[in-house]
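S.K.: What follows is a single structure, and I will ask about it in a moment.
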Protein chains: 2
Amino acid sequence: MKIRFVTRNKHKFVEVSKALQEYGIKVEQLCLDKLEIQAKSLSDVVRFSLVVLYNVVGEPLVVEDAGLFIEALKGFPGVFSSYVFKTIGVNGILKLMENVSNRKAMFKSVVGYIDDSQIALFEGIVEGIIAYEPRGNMGFGFDPIFIPNGSEKTFAEMSVDEKNKFSHRAKAFRKLASWLIQDKFKR
Amino acid sequence: MKIRFVTRNKHKFVEVSKALQEYGIKVEQLCLDKLEIQAKSLSDVVRFSLVVLYNVVGEPLVVEDAGLFIEALKGFPGVFSSYVFKTIGVNGILKLMENVSNRKAMFKSVVGYIDDSQIALFEGIVEGIIAYEPRGNMGFGFDPIFIPNGSEKTFAEMSVDEKNKFSHRAKAFRKLASWLIQDKFKR
């Protein structure tokens, strides 16, 4: 089996390819823009992207959107994580978190699948804390300041396989994989 | 069980309500516009409507779009049936079909369901022929000139229950109903 994953992010492509290996699912990278809308939730963003992309590509495809939700910042940067990363970045987040003792945060991923008769969304969440300083040079985005519960390392200090044991993205894609293999063909 | 059916068309609402009675599913009419796009297929139209409406309503809902596809007219009026009906109407179609011996046509309906984690589309088709003159005053749209295979009557000469035995719309909604009852809760 093969899925077409629309992303320009090489890191995401590698993470997902490795996570889906054990399901025997191959991942093809489609380098297209996702036309993201400013929506209230990751699910809204993913749904719009899916429908627009399907009109362009015309073949079954997969889209993912993720965000970092920091409790003390009322969920910021949330659905705008990518934009916030490109502007104020990791240092901006650390500045906002200066003298904040509640470091709780979560990464959330929503994966969406579309074909001619359906759309299905799958969510993955990993809880953790915001580090006091950036550590590690692997991964991407806010990985250097996120420490998942159950580890001492930031995501940026982990190999792809290690990150996949914890990550929101791997969890969401594993749900997609189970569904593709077991449920999809029942209708 | 209850579904919210977005339509301003009273006839559609009655047809669907009756068709779903045997499944114990109640239908609530939501009088909103569907924001239809000019798309290549009914499925594309329905998907866009679903995603836009879900952003407005925020609750699970159902949308339907249908079209009359006339073989000798290369599928016209197809996805634009509603617009064509409001402009050139039944008489326009009959004029286009003057001296055309191939009267084959089909009505096609695509029903779409959306909730927070999925979209599902269901298709219903009824084949038949285009009458030589309009007959009957029940139903709506092109019903007075469509005679389904297996009947001598046009859709506009049939009661709602009789039309539902043949109709594209009833077929699509029955598929939705079976899915809602049997499959939806498996994930």
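Here, A, B, ... name the chains of the structure tokens in the order displayed, residue numbers run from 1 inside each chain, and ligands are numbered from 1 in the same displayed order.
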Would you mind aligning chain A to chain B, a least-squares fit over all C-alpha atoms taken in order, and returning the superposed chain as a PDB file with C-alpha atoms, in the first residue's frame?
M.R.:
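What landed in selection16.pdb:
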ATOM      1  CA  MET A   1     -31.330   9.113  15.726  1.00  0.00           C
ATOM      2  CA  LYS A   2     -31.587  12.469  13.989  1.00  0.00           C
ATOM      3  CA  ILE A   3     -29.820  14.112  11.063  1.00  0.00           C
ATOM      4  CA  ARG A   4     -29.599  17.806  10.177  1.00  0.00           C
ATOM      5  CA  PHE A   5     -30.305  18.158   6.449  1.00  0.00           C
ATOM      6  CA  VAL A   6     -29.264  21.495   4.959  1.00  0.00           C
ATOM      7  CA  THR A   7     -31.739  22.396   2.224  1.00  0.00           C
ATOM      8  CA  ARG A   8     -34.161  25.162   1.357  1.00  0.00           C
ATOM      9  CA  ASN A   9     -36.135  22.717  -0.808  1.00  0.00           C
ATOM     10  CA  LYS A  10     -39.304  21.573   0.958  1.00  0.00           C
ATOM     11  CA  HIS A  11     -39.818  18.714  -1.530  1.00  0.00           C
ATOM     12  CA  LYS A  12     -36.374  17.292  -0.822  1.00  0.00           C
ATOM     13  CA  PHE A  13     -36.991  17.554   2.896  1.00  0.00           C
ATOM     14  CA  VAL A  14     -40.255  15.599   2.641  1.00  0.00           C
ATOM     15  CA  GLU A  15     -38.762  12.942   0.342  1.00  0.00           C
ATOM     16  CA  VAL A  16     -35.832  12.373   2.661  1.00  0.00           C
ATOM     17  CA  SER A  17     -37.943  12.389   5.832  1.00  0.00           C
ATOM     18  CA  LYS A  18     -40.183   9.674   4.378  1.00  0.00           C
ATOM     19  CA  ALA A  19     -37.276   7.607   3.009  1.00  0.00           C
ATOM     20  CA  LEU A  20     -35.559   7.540   6.408  1.00  0.00           C
ATOM     21  CA  GLN A  21     -38.684   6.719   8.440  1.00  0.00           C
ATOM     22  CA  GLU A  22     -38.110   2.969   8.154  1.00  0.00           C
ATOM     23  CA  TYR A  23     -34.624   3.429   9.665  1.00  0.00           C
ATOM     24  CA  GLY A  24     -36.018   5.308  12.641  1.00  0.00           C
ATOM     25  CA  ILE A  25     -34.004   8.358  11.628  1.00  0.00           C
ATOM     26  CA  LYS A  26     -35.626  11.760  12.036  1.00  0.00           C
ATOM     27  CA  VAL A  27     -34.729  14.591   9.697  1.00  0.00           C
ATOM     28  CA  GLU A  28     -34.372  18.196  10.800  1.00  0.00           C
ATOM     29  CA  GLN A  29     -34.397  20.818   8.048  1.00  0.00           C
ATOM     30  CA  LEU A  30     -31.687  23.478   8.268  1.00  0.00           C
ATOM     31  CA  CYS A  31     -32.629  26.363   5.964  1.00  0.00           C
ATOM     32  CA  LEU A  32     -29.185  27.628   5.002  1.00  0.00           C
ATOM     33  CA  ASP A  33     -27.499  28.288   1.673  1.00  0.00           C
ATOM     34  CA  LYS A  34     -25.105  25.618   0.529  1.00  0.00           C
ATOM     35  CA  LEU A  35     -22.463  27.866  -1.090  1.00  0.00           C
ATOM     36  CA  GLU A  36     -22.203  25.667  -4.148  1.00  0.00           C
ATOM     37  CA  ILE A  37     -19.084  25.939  -6.267  1.00  0.00           C
ATOM     38  CA  GLN A  38     -18.886  25.377 -10.012  1.00  0.00           C
ATOM     39  CA  ALA A  39     -17.239  21.995  -9.905  1.00  0.00           C
ATOM     40  CA  LYS A  40     -16.708  19.089 -12.251  1.00  0.00           C
ATOM     41  CA  SER A  41     -18.716  16.647 -10.199  1.00  0.00           C
ATOM     42  CA  LEU A  42     -21.546  16.522  -7.678  1.00  0.00           C
ATOM     43  CA  SER A  43     -19.073  15.070  -5.169  1.00  0.00           C
ATOM     44  CA  ASP A  44     -16.852  18.157  -5.423  1.00  0.00           C
ATOM     45  CA  VAL A  45     -19.857  20.403  -4.874  1.00  0.00           C
ATOM     46  CA  VAL A  46     -21.001  18.408  -1.854  1.00  0.00           C
ATOM     47  CA  ARG A  47     -17.549  18.260  -0.250  1.00  0.00           C
ATOM     48  CA  PHE A  48     -17.093  22.030  -0.455  1.00  0.00           C
ATOM     49  CA  SER A  49     -20.577  22.676   0.881  1.00  0.00           C
ATOM     50  CA  LEU A  50     -19.994  20.310   3.795  1.00  0.00           C
ATOM     51  CA  VAL A  51     -16.714  21.876   4.853  1.00  0.00           C
ATOM     52  CA  VAL A  52     -17.995  25.446   4.617  1.00  0.00           C
ATOM     53  CA  LEU A  53     -21.281  24.664   6.391  1.00  0.00           C
ATOM     54  CA  TYR A  54     -19.552  22.726   9.146  1.00  0.00           C
ATOM     55  CA  ASN A  55     -17.475  25.815   9.893  1.00  0.00           C
ATOM     56  CA  VAL A  56     -20.682  27.797  10.270  1.00  0.00           C
ATOM     57  CA  VAL A  57     -22.928  25.289  12.033  1.00  0.00           C
ATOM     58  CA  GLY A  58     -20.355  23.347  14.045  1.00  0.00           C
ATOM     59  CA  GLU A  59     -22.602  20.284  14.357  1.00  0.00           C
ATOM     60  CA  PRO A  60     -22.837  17.087  12.287  1.00  0.00           C
ATOM     61  CA  LEU A  61     -24.920  17.741   9.180  1.00  0.00           C
ATOM     62  CA  VAL A  62     -25.986  16.379   5.819  1.00  0.00           C
ATOM     63  CA  VAL A  63     -25.957  18.001   2.389  1.00  0.00           C
ATOM     64  CA  GLU A  64     -27.259  16.681  -0.933  1.00  0.00           C
ATOM     65  CA  ASP A  65     -26.742  17.695  -4.509  1.00  0.00           C
ATOM     66  CA  ALA A  66     -28.402  16.123  -7.519  1.00  0.00           C
ATOM     67  CA  GLY A  67     -28.402  16.451 -11.273  1.00  0.00           C
ATOM     68  CA  LEU A  68     -30.081  15.216 -14.429  1.00  0.00           C
ATOM     69  CA  PHE A  69     -27.614  13.768 -16.938  1.00  0.00           C
ATOM     70  CA  ILE A  70     -28.960  13.402 -20.491  1.00  0.00           C
ATOM     71  CA  GLU A  71     -26.947  11.058 -22.689  1.00  0.00           C
ATOM     72  CA  ALA A  72     -27.655  12.735 -26.037  1.00  0.00           C
ATOM     73  CA  LEU A  73     -26.663  16.104 -24.536  1.00  0.00           C
ATOM     74  CA  LYS A  74     -23.314  14.754 -23.268  1.00  0.00           C
ATOM     75  CA  GLY A  75     -24.496  14.832 -19.669  1.00  0.00           C
ATOM     76  CA  PHE A  76     -26.098  18.305 -19.776  1.00  0.00           C
ATOM     77  CA  PRO A  77     -27.486  19.816 -17.543  1.00  0.00           C
ATOM     78  CA  GLY A  78     -25.563  17.629 -15.020  1.00  0.00           C
ATOM     79  CA  VAL A  79     -24.001  19.528 -12.121  1.00  0.00           C
ATOM     80  CA  PHE A  80     -25.726  22.709 -13.318  1.00  0.00           C
ATOM     81  CA  SER A  81     -29.236  21.252 -13.251  1.00  0.00           C
ATOM     82  CA  SER A  82     -30.556  23.654 -10.661  1.00  0.00           C
ATOM     83  CA  TYR A  83     -29.310  26.712 -12.558  1.00  0.00           C
ATOM     84  CA  VAL A  84     -30.556  25.332 -15.890  1.00  0.00           C
ATOM     85  CA  PHE A  85     -33.966  24.630 -14.357  1.00  0.00           C
ATOM     86  CA  LYS A  86     -34.256  28.215 -13.151  1.00  0.00           C
ATOM     87  CA  THR A  87     -33.302  29.630 -16.557  1.00  0.00           C
ATOM     88  CA  ILE A  88     -34.288  27.595 -19.631  1.00  0.00           C
ATOM     89  CA  GLY A  89     -36.354  25.180 -17.514  1.00  0.00           C
ATOM     90  CA  VAL A  90     -38.265  22.088 -18.544  1.00  0.00           C
ATOM     91  CA  ASN A  91     -39.246  23.628 -21.882  1.00  0.00           C
ATOM     92  CA  GLY A  92     -35.648  24.447 -22.703  1.00  0.00           C
ATOM     93  CA  ILE A  93     -34.660  20.827 -22.180  1.00  0.00           C
ATOM     94  CA  LEU A  94     -37.576  19.579 -24.299  1.00  0.00           C
ATOM     95  CA  LYS A  95     -36.550  21.995 -27.070  1.00  0.00           C
ATOM     96  CA  LEU A  96     -32.964  20.707 -26.977  1.00  0.00           C
ATOM     97  CA  MET A  97     -34.378  17.184 -27.215  1.00  0.00           C
ATOM     98  CA  GLU A  98     -36.618  17.874 -30.240  1.00  0.00           C
ATOM     99  CA  ASN A  99     -35.995  15.259 -32.947  1.00  0.00           C
ATOM    100  CA  VAL A 100     -33.581  13.416 -30.676  1.00  0.00           C
ATOM    101  CA  SER A 101     -34.450   9.722 -30.602  1.00  0.00           C
ATOM    102  CA  ASN A 102     -31.983   8.743 -27.840  1.00  0.00           C
ATOM    103  CA  ARG A 103     -34.012   9.777 -24.768  1.00  0.00           C
ATOM    104  CA  LYS A 104     -31.757   8.035 -22.199  1.00  0.00           C
ATOM    105  CA  ALA A 105     -31.035   9.995 -19.057  1.00  0.00           C
ATOM    106  CA  MET A 106     -30.209   9.492 -15.410  1.00  0.00           C
ATOM    107  CA  PHE A 107     -30.763  11.341 -12.186  1.00  0.00           C
ATOM    108  CA  LYS A 108     -27.814  11.219  -9.831  1.00  0.00           C
ATOM    109  CA  SER A 109     -27.734  12.242  -6.177  1.00  0.00           C
ATOM    110  CA  VAL A 110     -24.718  12.640  -3.921  1.00  0.00           C
ATOM    111  CA  VAL A 111     -25.371  12.825  -0.189  1.00  0.00           C
ATOM    112  CA  GLY A 112     -22.609  14.005   2.120  1.00  0.00           C
ATOM    113  CA  TYR A 113     -22.291  13.606   5.887  1.00  0.00           C
ATOM    114  CA  ILE A 114     -19.816  15.504   8.058  1.00  0.00           C
ATOM    115  CA  ASP A 115     -18.881  15.363  11.712  1.00  0.00           C
ATOM    116  CA  ASP A 116     -15.742  16.280  13.602  1.00  0.00           C
ATOM    117  CA  SER A 117     -13.657  13.345  12.436  1.00  0.00           C
ATOM    118  CA  GLN A 118     -15.029  12.440   9.025  1.00  0.00           C
ATOM    119  CA  ILE A 119     -16.862  13.105   5.804  1.00  0.00           C
ATOM    120  CA  ALA A 120     -18.690  10.347   3.954  1.00  0.00           C
ATOM    121  CA  LEU A 121     -20.322  10.550   0.520  1.00  0.00           C
ATOM    122  CA  PHE A 122     -23.072   8.279  -0.829  1.00  0.00           C
ATOM    123  CA  GLU A 123     -24.307   8.104  -4.410  1.00  0.00           C
ATOM    124  CA  GLY A 124     -27.688   7.141  -5.798  1.00  0.00           C
ATOM    125  CA  ILE A 125     -28.560   6.761  -9.479  1.00  0.00           C
ATOM    126  CA  VAL A 126     -31.828   6.128 -11.327  1.00  0.00           C
ATOM    127  CA  GLU A 127     -31.853   5.504 -15.062  1.00  0.00           C
ATOM    128  CA  GLY A 128     -34.738   6.391 -17.303  1.00  0.00           C
ATOM    129  CA  ILE A 129     -35.865   8.421 -20.301  1.00  0.00           C
ATOM    130  CA  ILE A 130     -36.816  12.002 -21.095  1.00  0.00           C
ATOM    131  CA  ALA A 131     -40.547  12.282 -21.860  1.00  0.00           C
ATOM    132  CA  TYR A 132     -41.780  14.075 -24.998  1.00  0.00           C
ATOM    133  CA  GLU A 133     -43.920  16.454 -22.973  1.00  0.00           C
ATOM    134  CA  PRO A 134     -44.211  17.405 -19.295  1.00  0.00           C
ATOM    135  CA  ARG A 135     -46.672  15.341 -17.245  1.00  0.00           C
ATOM    136  CA  GLY A 136     -47.777  15.618 -13.607  1.00  0.00           C
ATOM    137  CA  ASN A 137     -47.623  18.356 -11.004  1.00  0.00           C
ATOM    138  CA  MET A 138     -45.969  16.670  -8.039  1.00  0.00           C
ATOM    139  CA  GLY A 139     -42.272  16.714  -7.205  1.00  0.00           C
ATOM    140  CA  PHE A 140     -40.069  19.564  -8.439  1.00  0.00           C
ATOM    141  CA  GLY A 141     -37.424  20.477 -10.996  1.00  0.00           C
ATOM    142  CA  PHE A 142     -37.218  18.188 -13.988  1.00  0.00           C
ATOM    143  CA  ASP A 143     -39.563  15.601 -12.452  1.00  0.00           C
ATOM    144  CA  PRO A 144     -42.317  16.253 -15.075  1.00  0.00           C
ATOM    145  CA  ILE A 145     -40.088  15.045 -17.928  1.00  0.00           C
ATOM    146  CA  PHE A 146     -38.258  12.108 -16.315  1.00  0.00           C
ATOM    147  CA  ILE A 147     -39.679   8.576 -16.564  1.00  0.00           C
ATOM    148  CA  PRO A 148     -37.643   6.057 -14.537  1.00  0.00           C
ATOM    149  CA  ASN A 149     -37.055   2.613 -16.026  1.00  0.00           C
ATOM    150  CA  GLY A 150     -39.710   0.231 -14.746  1.00  0.00           C
ATOM    151  CA  SER A 151     -42.494   2.810 -14.759  1.00  0.00           C
ATOM    152  CA  GLU A 152     -44.768   4.548 -17.255  1.00  0.00           C
ATOM    153  CA  LYS A 153     -45.185   7.579 -15.055  1.00  0.00           C
ATOM    154  CA  THR A 154     -42.992  10.652 -14.769  1.00  0.00           C
ATOM    155  CA  PHE A 155     -41.630  11.476 -11.306  1.00  0.00           C
ATOM    156  CA  ALA A 156     -44.155  14.340 -11.223  1.00  0.00           C
ATOM    157  CA  GLU A 157     -47.028  11.851 -11.567  1.00  0.00           C
ATOM    158  CA  MET A 158     -45.904   9.904  -8.501  1.00  0.00           C
ATOM    159  CA  SER A 159     -46.591  10.379  -4.803  1.00  0.00           C
ATOM    160  CA  VAL A 160     -43.540  10.888  -2.611  1.00  0.00           C
ATOM    161  CA  ASP A 161     -43.636   7.246  -1.492  1.00  0.00           C
ATOM    162  CA  GLU A 162     -43.854   6.025  -5.081  1.00  0.00           C
ATOM    163  CA  LYS A 163     -41.041   8.318  -6.242  1.00  0.00           C
ATOM    164  CA  ASN A 164     -38.907   7.102  -3.336  1.00  0.00           C
ATOM    165  CA  LYS A 165     -39.151   3.540  -4.678  1.00  0.00           C
ATOM    166  CA  PHE A 166     -37.195   4.647  -7.753  1.00  0.00           C
ATOM    167  CA  SER A 167     -35.394   7.818  -6.931  1.00  0.00           C
ATOM    168  CA  HIS A 168     -31.684   8.566  -6.901  1.00  0.00           C
ATOM    169  CA  ARG A 169     -32.158  10.672  -3.752  1.00  0.00           C
ATOM    170  CA  ALA A 170     -33.889   7.915  -1.771  1.00  0.00           C
ATOM    171  CA  LYS A 171     -31.186   5.437  -2.837  1.00  0.00           C
ATOM    172  CA  ALA A 172     -28.365   7.716  -1.709  1.00  0.00           C
ATOM    173  CA  PHE A 173     -30.058   8.524   1.596  1.00  0.00           C
ATOM    174  CA  ARG A 174     -30.747   4.848   2.274  1.00  0.00           C
ATOM    175  CA  LYS A 175     -27.016   4.183   1.890  1.00  0.00           C
ATOM    176  CA  LEU A 176     -26.332   6.976   4.364  1.00  0.00           C
ATOM    177  CA  ALA A 177     -28.898   5.517   6.775  1.00  0.00           C
ATOM    178  CA  SER A 178     -27.397   2.004   6.658  1.00  0.00           C
ATOM    179  CA  TRP A 179     -23.953   3.447   7.250  1.00  0.00           C
ATOM    180  CA  LEU A 180     -25.115   5.643  10.120  1.00  0.00           C
ATOM    181  CA  ILE A 181     -26.754   2.690  11.804  1.00  0.00           C
ATOM    182  CA  GLN A 182     -24.183  -0.021  11.135  1.00  0.00           C
ATOM    183  CA  ASP A 183     -20.763   1.359  10.298  1.00  0.00           C
ATOM    184  CA  LYS A 184     -20.366   4.767  11.755  1.00  0.00           C
ATOM    185  CA  PHE A 185     -19.703   3.668  15.304  1.00  0.00           C
ATOM    186  CA  LYS A 186     -17.077   1.073  14.501  1.00  0.00           C
ATOM    187  CA  ARG A 187     -14.079   3.434  14.495  1.00  0.00           C
TER     188      ARG A 187
END
S.K.: Quick one: DSSP strand (DSSP E or B) residues in stretch 127-178 of chain B, as a PyMOL selection string?
M.R.: chain B and resi 127-130+146-148
S.K.: Tell me, which residues of chain A carry DSSP helix (DSSP H, G or I), written as a PyMOL selection string?
M.R.: chain A and resi 10-21+42-57+71-73+78-87+89-96+143-145+155-157+160-166+168-186
S.K.: Let's have the selection written as an mmCIF file, in the first residue's frame, with C-alpha atoms.
M.R.:
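The resulting file, selection_8.cif, is reproduced below:
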data_model
loop_
_atom_site.group_PDB
_atom_site.id
_atom_site.type_symbol
_atom_site.label_atom_id
_atom_site.label_comp_id
_atom_site.auth_asym_id
_atom_site.auth_seq_id
_atom_site.Cartn_x
_atom_site.Cartn_y
_atom_site.Cartn_z
ATOM 1 C CA LYS A 10 11.432 16.858 4.696
ATOM 2 C CA HIS A 11 11.512 16.072 8.438
ATOM 3 C CA LYS A 12 7.805 15.270 8.491
ATOM 4 C CA PHE A 13 8.198 13.083 5.435
ATOM 5 C CA VAL A 14 10.990 11.058 7.062
ATOM 6 C CA GLU A 15 9.141 10.731 10.386
ATOM 7 C CA VAL A 16 6.000 9.497 8.683
ATOM 8 C CA SER A 17 7.837 7.142 6.319
ATOM 9 C CA LYS A 18 9.556 5.478 9.282
ATOM 10 C CA ALA A 19 6.386 5.332 11.408
ATOM 11 C CA LEU A 20 4.456 3.574 8.635
ATOM 12 C CA GLN A 21 7.188 1.057 7.754
ATOM 13 C CA LEU A 42 -6.332 21.940 13.301
ATOM 14 C CA SER A 43 -9.225 19.818 12.018
ATOM 15 C CA ASP A 44 -10.727 22.802 10.182
ATOM 16 C CA VAL A 45 -7.365 23.563 8.603
ATOM 17 C CA VAL A 46 -6.882 19.960 7.509
ATOM 18 C CA ARG A 47 -10.393 19.592 6.078
ATOM 19 C CA PHE A 48 -10.034 22.701 3.917
ATOM 20 C CA SER A 49 -6.595 21.657 2.722
ATOM 21 C CA LEU A 50 -7.866 18.196 1.811
ATOM 22 C CA VAL A 51 -10.812 19.438 -0.215
ATOM 23 C CA VAL A 52 -8.798 22.049 -2.104
ATOM 24 C CA LEU A 53 -5.883 19.686 -2.793
ATOM 25 C CA TYR A 54 -8.170 16.888 -3.921
ATOM 26 C CA ASN A 55 -9.602 19.235 -6.540
ATOM 27 C CA VAL A 56 -6.086 19.856 -7.808
ATOM 28 C CA VAL A 57 -4.546 16.393 -7.516
ATOM 29 C CA GLU A 71 -1.144 25.746 28.889
ATOM 30 C CA ALA A 72 0.135 28.918 30.570
ATOM 31 C CA LEU A 73 -0.234 30.794 27.264
ATOM 32 C CA GLY A 78 -1.662 26.411 18.730
ATOM 33 C CA VAL A 79 -2.993 26.430 15.169
ATOM 34 C CA PHE A 80 -0.560 29.235 14.310
ATOM 35 C CA SER A 81 2.554 27.346 15.397
ATOM 36 C CA SER A 82 4.160 27.337 11.986
ATOM 37 C CA TYR A 83 3.719 31.094 11.539
ATOM 38 C CA VAL A 84 4.882 31.801 15.104
ATOM 39 C CA PHE A 85 7.952 29.620 14.565
ATOM 40 C CA LYS A 86 8.899 31.574 11.455
ATOM 41 C CA THR A 87 8.507 34.926 13.221
ATOM 42 C CA GLY A 89 10.620 31.461 16.903
ATOM 43 C CA VAL A 90 11.909 29.319 19.735
ATOM 44 C CA ASN A 91 13.425 32.322 21.512
ATOM 45 C CA GLY A 92 10.145 34.200 21.402
ATOM 46 C CA ILE A 93 8.387 31.314 23.114
ATOM 47 C CA LEU A 94 11.120 31.036 25.762
ATOM 48 C CA LYS A 95 10.822 34.786 26.412
ATOM 49 C CA LEU A 96 7.048 34.490 26.859
ATOM 50 C CA ASP A 143 11.385 20.375 18.950
ATOM 51 C CA PRO A 144 14.394 21.893 20.830
ATOM 52 C CA ILE A 145 12.169 23.166 23.658
ATOM 53 C CA PHE A 155 12.456 16.086 20.700
ATOM 54 C CA ALA A 156 15.512 17.703 19.079
ATOM 55 C CA GLU A 157 17.818 15.405 21.072
ATOM 56 C CA VAL A 160 13.579 9.954 14.318
ATOM 57 C CA ASP A 161 12.832 6.463 15.652
ATOM 58 C CA GLU A 162 13.043 7.662 19.248
ATOM 59 C CA LYS A 163 10.862 10.712 18.569
ATOM 60 C CA ASN A 164 8.320 8.460 16.853
ATOM 61 C CA LYS A 165 7.908 6.494 20.096
ATOM 62 C CA PHE A 166 6.449 9.620 21.714
ATOM 63 C CA HIS A 168 1.835 13.256 18.258
ATOM 64 C CA ARG A 169 2.515 12.857 14.522
ATOM 65 C CA ALA A 170 3.486 9.179 14.756
ATOM 66 C CA LYS A 171 0.406 8.491 16.907
ATOM 67 C CA ALA A 172 -1.948 10.141 14.425
ATOM 68 C CA PHE A 173 -0.362 8.399 11.443
ATOM 69 C CA ARG A 174 -0.508 5.026 13.190
ATOM 70 C CA LYS A 175 -4.258 5.528 13.625
ATOM 71 C CA LEU A 176 -4.516 6.309 9.922
ATOM 72 C CA ALA A 177 -2.490 3.190 9.088
ATOM 73 C CA SER A 178 -4.681 0.883 11.205
ATOM 74 C CA TRP A 179 -7.779 2.347 9.608
ATOM 75 C CA LEU A 180 -6.390 2.044 6.089
ATOM 76 C CA ILE A 181 -5.529 -1.584 6.670
ATOM 77 C CA GLN A 182 -8.557 -2.719 8.659
ATOM 78 C CA ASP A 183 -11.544 -0.440 8.233
ATOM 79 C CA LYS A 184 -11.320 1.370 4.982
ATOM 80 C CA PHE A 185 -12.449 -1.490 2.793
ATOM 81 C CA LYS A 186 -15.497 -2.443 4.813
#
